[in-house]
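As structure tokens, the structure follows; a few thoughts come after it.
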Amino acid sequence: MYIEKTTPLPTDDIALADAILDCYLHEQQKVLFIVLGDDMYSRRLVEKADRWAGLIEEPRWLMWVRNRAHVKQLMVDIKDPNKLIKNWDNVLAFTVSINDNICDVINNTTEEIKSSQIIKAYARAEANIPTVTTAPVIASRGVVTSRSATPLPTTETPVAETPKAKGKSKKKKDNTPTNNDTDTPN
């Protein structure tokens, strides 16, 4: 199994697992695809969802909660405004937006999870990204970032536009053919 953007949470240390998940939720500003369990189905889903997570610098990331006994305790900070999760025992995976909302759920199944389901789950979480966050923004040289609450003041003065002349120009165009204009050399 080759995984690149997956963080498996520790199965024997709930405090460390909670600290890692908390860091990804609140400090790293990631769109999370969280897979639950350590059976054949969850392993295949981890591998497949990891491939659809994109490049390392992109916000999609995968968390793998292999110990299902930790699920309820770890998911305390995550909001479910649409009440998508009725019973944690039926959930194979779910996505969480940057603002900690559950956006999509993939229920336990014995069938292969299609790539389209994974892509839709990521897209729903990305669509729930807030336009303004309270996260600290570091910008330099007047660059406005996508997370800026208000635009940074500019220090440059705008360049005045020169008015266009009215009427047609009397300059005659040179119609001498060049090698670029004809098929025959000059």
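Just so we're on the same page: first chain in the structure tokens is A, next is B, and so on; residues restart at 1 for each chain, and ligands are numbered from 1 in the order they show up.
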
May I have the residues within 10 Å of Asp12 of chain A as a list of chain:residue names, using only C-alpha atoms and disregarding those fewer than 5 positions away in the same chain?
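So the residues in contact are A:Ala17, A:Asn67, A:His70.
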
Expected file: the selected residues, C-alpha atoms, as a PDB file, in the first residue's frame:
ATOM      1  CA  ALA A  17      -4.444  10.922  18.021  1.00  0.00           C
ATOM      2  CA  ASN A  67      -9.295   2.289  15.890  1.00  0.00           C
ATOM      3  CA  HIS A  70     -11.722   6.291  19.352  1.00  0.00           C
TER       4      HIS A  70
END

What lies within 7 Å of segment 35-43 of chain A using only C-alpha atoms, ignoring chain neighbours under 4 positions off, as a ChimeraX atom specification?
/A:47,63-68,92-94

Next, dump the selected residues to file, keeping only C-alpha atoms, as a PDB file, in the first residue's frame.
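Just written: part-v8.pdb:
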ATOM      1  CA  GLU A  47      -5.467   3.972  -0.923  1.00  0.00           C
ATOM      2  CA  MET A  63      -6.875  11.060   8.090  1.00  0.00           C
ATOM      3  CA  TRP A  64      -7.120   7.373   8.907  1.00  0.00           C
ATOM      4  CA  VAL A  65      -8.785   6.553  12.235  1.00  0.00           C
ATOM      5  CA  ARG A  66      -7.967   2.849  12.365  1.00  0.00           C
ATOM      6  CA  ASN A  67      -9.295   2.289  15.890  1.00  0.00           C
ATOM      7  CA  ARG A  68     -13.094   2.694  15.685  1.00  0.00           C
ATOM      8  CA  LEU A  92     -16.907   4.174   6.533  1.00  0.00           C
ATOM      9  CA  ALA A  93     -15.667   7.688   5.748  1.00  0.00           C
ATOM     10  CA  PHE A  94     -16.665  11.343   5.707  1.00  0.00           C
TER      11      PHE A  94
END

I need the residue nearest Lys79 of chain A from this list: A:Leu25, A:Gly54, A:Arg60, A:Val46. Use only C-alpha atoms for the distance.
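Smallest separation from Lys79 of chain A among the options: A:Leu25.
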
Nearby residues (only C-alpha atoms) at most 12 Å from Ile119 of chain A, same-chain spacing under 2 positions excluded, as a list in words
Phe33, Lys48, Ala49, Asp50, Arg51, Trp52, Ala53, Gly54, Arg60, Phe94, Thr95, Asp104, Ile106, Ile113, Lys114, Ser115, Ser116, Gln117, Ala121, Tyr122, Ala123, Arg124, Ala125 and Glu126 of chain A

Quick one: write out the picked residues with C-alpha atoms as a PDB file, in the first residue's frame?
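Wrote it out as again_37.pdb, contents follow:
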ATOM      1  CA  PHE A  33     -11.250  12.947   4.111  1.00  0.00           C
ATOM      2  CA  LYS A  48      -7.986   5.259  -3.471  1.00  0.00           C
ATOM      3  CA  ALA A  49      -8.819   8.520  -1.656  1.00  0.00           C
ATOM      4  CA  ASP A  50      -5.104   9.201  -1.183  1.00  0.00           C
ATOM      5  CA  ARG A  51      -4.616   9.121  -4.957  1.00  0.00           C
ATOM      6  CA  TRP A  52      -7.424  11.695  -5.404  1.00  0.00           C
ATOM      7  CA  ALA A  53      -6.026  14.018  -2.708  1.00  0.00           C
ATOM      8  CA  GLY A  54      -3.832  15.843  -5.218  1.00  0.00           C
ATOM      9  CA  ARG A  60      -6.932  17.906   0.498  1.00  0.00           C
ATOM     10  CA  PHE A  94     -16.665  11.343   5.707  1.00  0.00           C
ATOM     11  CA  THR A  95     -15.250  14.666   4.605  1.00  0.00           C
ATOM     12  CA  ASP A 104     -20.345  14.205   2.962  1.00  0.00           C
ATOM     13  CA  ILE A 106     -19.732   7.323   2.770  1.00  0.00           C
ATOM     14  CA  ILE A 113     -16.219   2.705  -3.604  1.00  0.00           C
ATOM     15  CA  LYS A 114     -16.207   4.485  -6.958  1.00  0.00           C
ATOM     16  CA  SER A 115     -13.756   7.286  -7.668  1.00  0.00           C
ATOM     17  CA  SER A 116     -16.687   9.553  -8.475  1.00  0.00           C
ATOM     18  CA  GLN A 117     -17.951   9.194  -4.875  1.00  0.00           C
ATOM     19  CA  ALA A 121     -16.986  14.016  -1.231  1.00  0.00           C
ATOM     20  CA  TYR A 122     -13.841  16.151  -1.593  1.00  0.00           C
ATOM     21  CA  ALA A 123     -15.729  18.693  -3.744  1.00  0.00           C
ATOM     22  CA  ARG A 124     -18.538  19.049  -1.193  1.00  0.00           C
ATOM     23  CA  ALA A 125     -16.001  19.743   1.541  1.00  0.00           C
ATOM     24  CA  GLU A 126     -14.187  22.258  -0.644  1.00  0.00           C
TER      25      GLU A 126
END

Write out as JSON, numbers by chain all residues of segment 14-146 of chain A that DSSP puts in strand (DSSP E) for this structure's backbone.
{"A": [31, 32, 33, 34, 35, 36, 60, 61, 62, 63, 64, 65, 91, 92, 93, 94, 95, 96, 102, 103, 104, 105, 106, 107]}

Got time to write the residues from that selection, N, CA and C atoms, as a JSON list (two decimals), in the first residue's frame?
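File produced: result.json:
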[["chain", "number", "residue", "atom", "x", "y", "z"],
["A", 31, "VAL", "N", -8.73, 20.36, 4.03],
["A", 31, "VAL", "CA", -10.00, 19.70, 3.73],
["A", 31, "VAL", "C", -9.74, 18.22, 3.99],
["A", 32, "LEU", "N", -10.40, 17.65, 4.97],
["A", 32, "LEU", "CA", -10.07, 16.30, 5.40],
["A", 32, "LEU", "C", -11.05, 15.25, 4.89],
["A", 33, "PHE", "N", -10.49, 14.14, 4.45],
["A", 33, "PHE", "CA", -11.25, 12.95, 4.11],
["A", 33, "PHE", "C", -10.88, 11.97, 5.21],
["A", 34, "ILE", "N", -11.81, 11.64, 6.08],
["A", 34, "ILE", "CA", -11.52, 10.81, 7.25],
["A", 34, "ILE", "C", -12.11, 9.42, 7.05],
["A", 35, "VAL", "N", -11.23, 8.42, 7.09],
["A", 35, "VAL", "CA", -11.64, 7.02, 6.91],
["A", 35, "VAL", "C", -11.59, 6.34, 8.27],
["A", 36, "LEU", "N", -12.62, 5.55, 8.57],
["A", 36, "LEU", "CA", -12.73, 4.87, 9.86],
["A", 36, "LEU", "C", -12.54, 3.37, 9.69],
["A", 60, "ARG", "N", -6.31, 19.21, 0.24],
["A", 60, "ARG", "CA", -6.93, 17.91, 0.50],
["A", 60, "ARG", "C", -5.96, 17.01, 1.26],
["A", 61, "TRP", "N", -6.47, 16.38, 2.32],
["A", 61, "TRP", "CA", -5.63, 15.49, 3.13],
["A", 61, "TRP", "C", -6.50, 14.37, 3.68],
["A", 62, "LEU", "N", -5.88, 13.26, 3.95],
["A", 62, "LEU", "CA", -6.60, 12.09, 4.43],
["A", 62, "LEU", "C", -6.17, 11.76, 5.85],
["A", 63, "MET", "N", -7.14, 11.52, 6.73],
["A", 63, "MET", "CA", -6.87, 11.06, 8.09],
["A", 63, "MET", "C", -7.44, 9.65, 8.20],
["A", 64, "TRP", "N", -6.68, 8.76, 8.79],
["A", 64, "TRP", "CA", -7.12, 7.37, 8.91],
["A", 64, "TRP", "C", -7.25, 7.03, 10.38],
["A", 65, "VAL", "N", -8.49, 6.93, 10.85],
["A", 65, "VAL", "CA", -8.79, 6.55, 12.24],
["A", 65, "VAL", "C", -8.98, 5.04, 12.23],
["A", 91, "VAL", "N", -20.71, 4.34, 9.43],
["A", 91, "VAL", "CA", -19.89, 5.26, 8.62],
["A", 91, "VAL", "C", -18.55, 4.61, 8.28],
["A", 92, "LEU", "N", -18.23, 4.62, 6.99],
["A", 92, "LEU", "CA", -16.91, 4.17, 6.53],
["A", 92, "LEU", "C", -15.96, 5.36, 6.41],
["A", 93, "ALA", "N", -16.49, 6.48, 5.92],
["A", 93, "ALA", "CA", -15.67, 7.69, 5.75],
["A", 93, "ALA", "C", -16.56, 8.91, 5.67],
["A", 94, "PHE", "N", -15.95, 10.08, 5.86],
["A", 94, "PHE", "CA", -16.67, 11.34, 5.71],
["A", 94, "PHE", "C", -15.65, 12.44, 5.42],
["A", 95, "THR", "N", -16.14, 13.54, 4.86],
["A", 95, "THR", "CA", -15.25, 14.67, 4.60],
["A", 95, "THR", "C", -15.61, 15.83, 5.52],
["A", 96, "VAL", "N", -14.58, 16.62, 5.83],
["A", 96, "VAL", "CA", -14.73, 17.76, 6.72],
["A", 96, "VAL", "C", -14.12, 18.98, 6.03],
["A", 102, "ILE", "N", -18.96, 18.63, 8.75],
["A", 102, "ILE", "CA", -19.05, 17.39, 7.99],
["A", 102, "ILE", "C", -19.86, 17.69, 6.74],
["A", 103, "CYS", "N", -19.31, 17.36, 5.58],
["A", 103, "CYS", "CA", -19.95, 17.74, 4.31],
["A", 103, "CYS", "C", -20.46, 16.56, 3.50],
["A", 104, "ASP", "N", -19.90, 15.37, 3.71],
["A", 104, "ASP", "CA", -20.35, 14.20, 2.96],
["A", 104, "ASP", "C", -20.01, 12.96, 3.77],
["A", 105, "VAL", "N", -20.80, 11.92, 3.60],
["A", 105, "VAL", "CA", -20.60, 10.67, 4.33],
["A", 105, "VAL", "C", -20.64, 9.52, 3.35],
["A", 106, "ILE", "N", -19.72, 8.58, 3.52],
["A", 106, "ILE", "CA", -19.73, 7.32, 2.77],
["A", 106, "ILE", "C", -20.00, 6.23, 3.79],
["A", 107, "ASN", "N", -21.12, 5.55, 3.63],
["A", 107, "ASN", "CA", -21.52, 4.52, 4.59],
["A", 107, "ASN", "C", -20.80, 3.20, 4.31]]

As an exercise, work out the distance from atom CA of Thr109 of chain A to atom CA of Ile56 of chain A in Å and give it to one decimal place.
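Atom-to-atom, atom CA of Thr109 of chain A and atom CA of Ile56 of chain A are spaced 29.1 Å apart.
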
By how many Å are atom CA of Val76 of chain A and atom CA of Met1 of chain A apart?
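Between atom CA of Val76 of chain A and atom CA of Met1 of chain A the gap is 29.9 Å.
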
Using only C-alpha atoms: which of A:Gln73, A:Asn87, A:Thr6, A:Asn128 has the shortest distance to Asp22 of chain A:
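Of all the options, A:Gln73 lies closest to Asp22 of chain A.
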
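Across the structure, atom CA of Glu111 of chain A and atom CA of Asn90 of chain A are spaced 14.2 Å apart.
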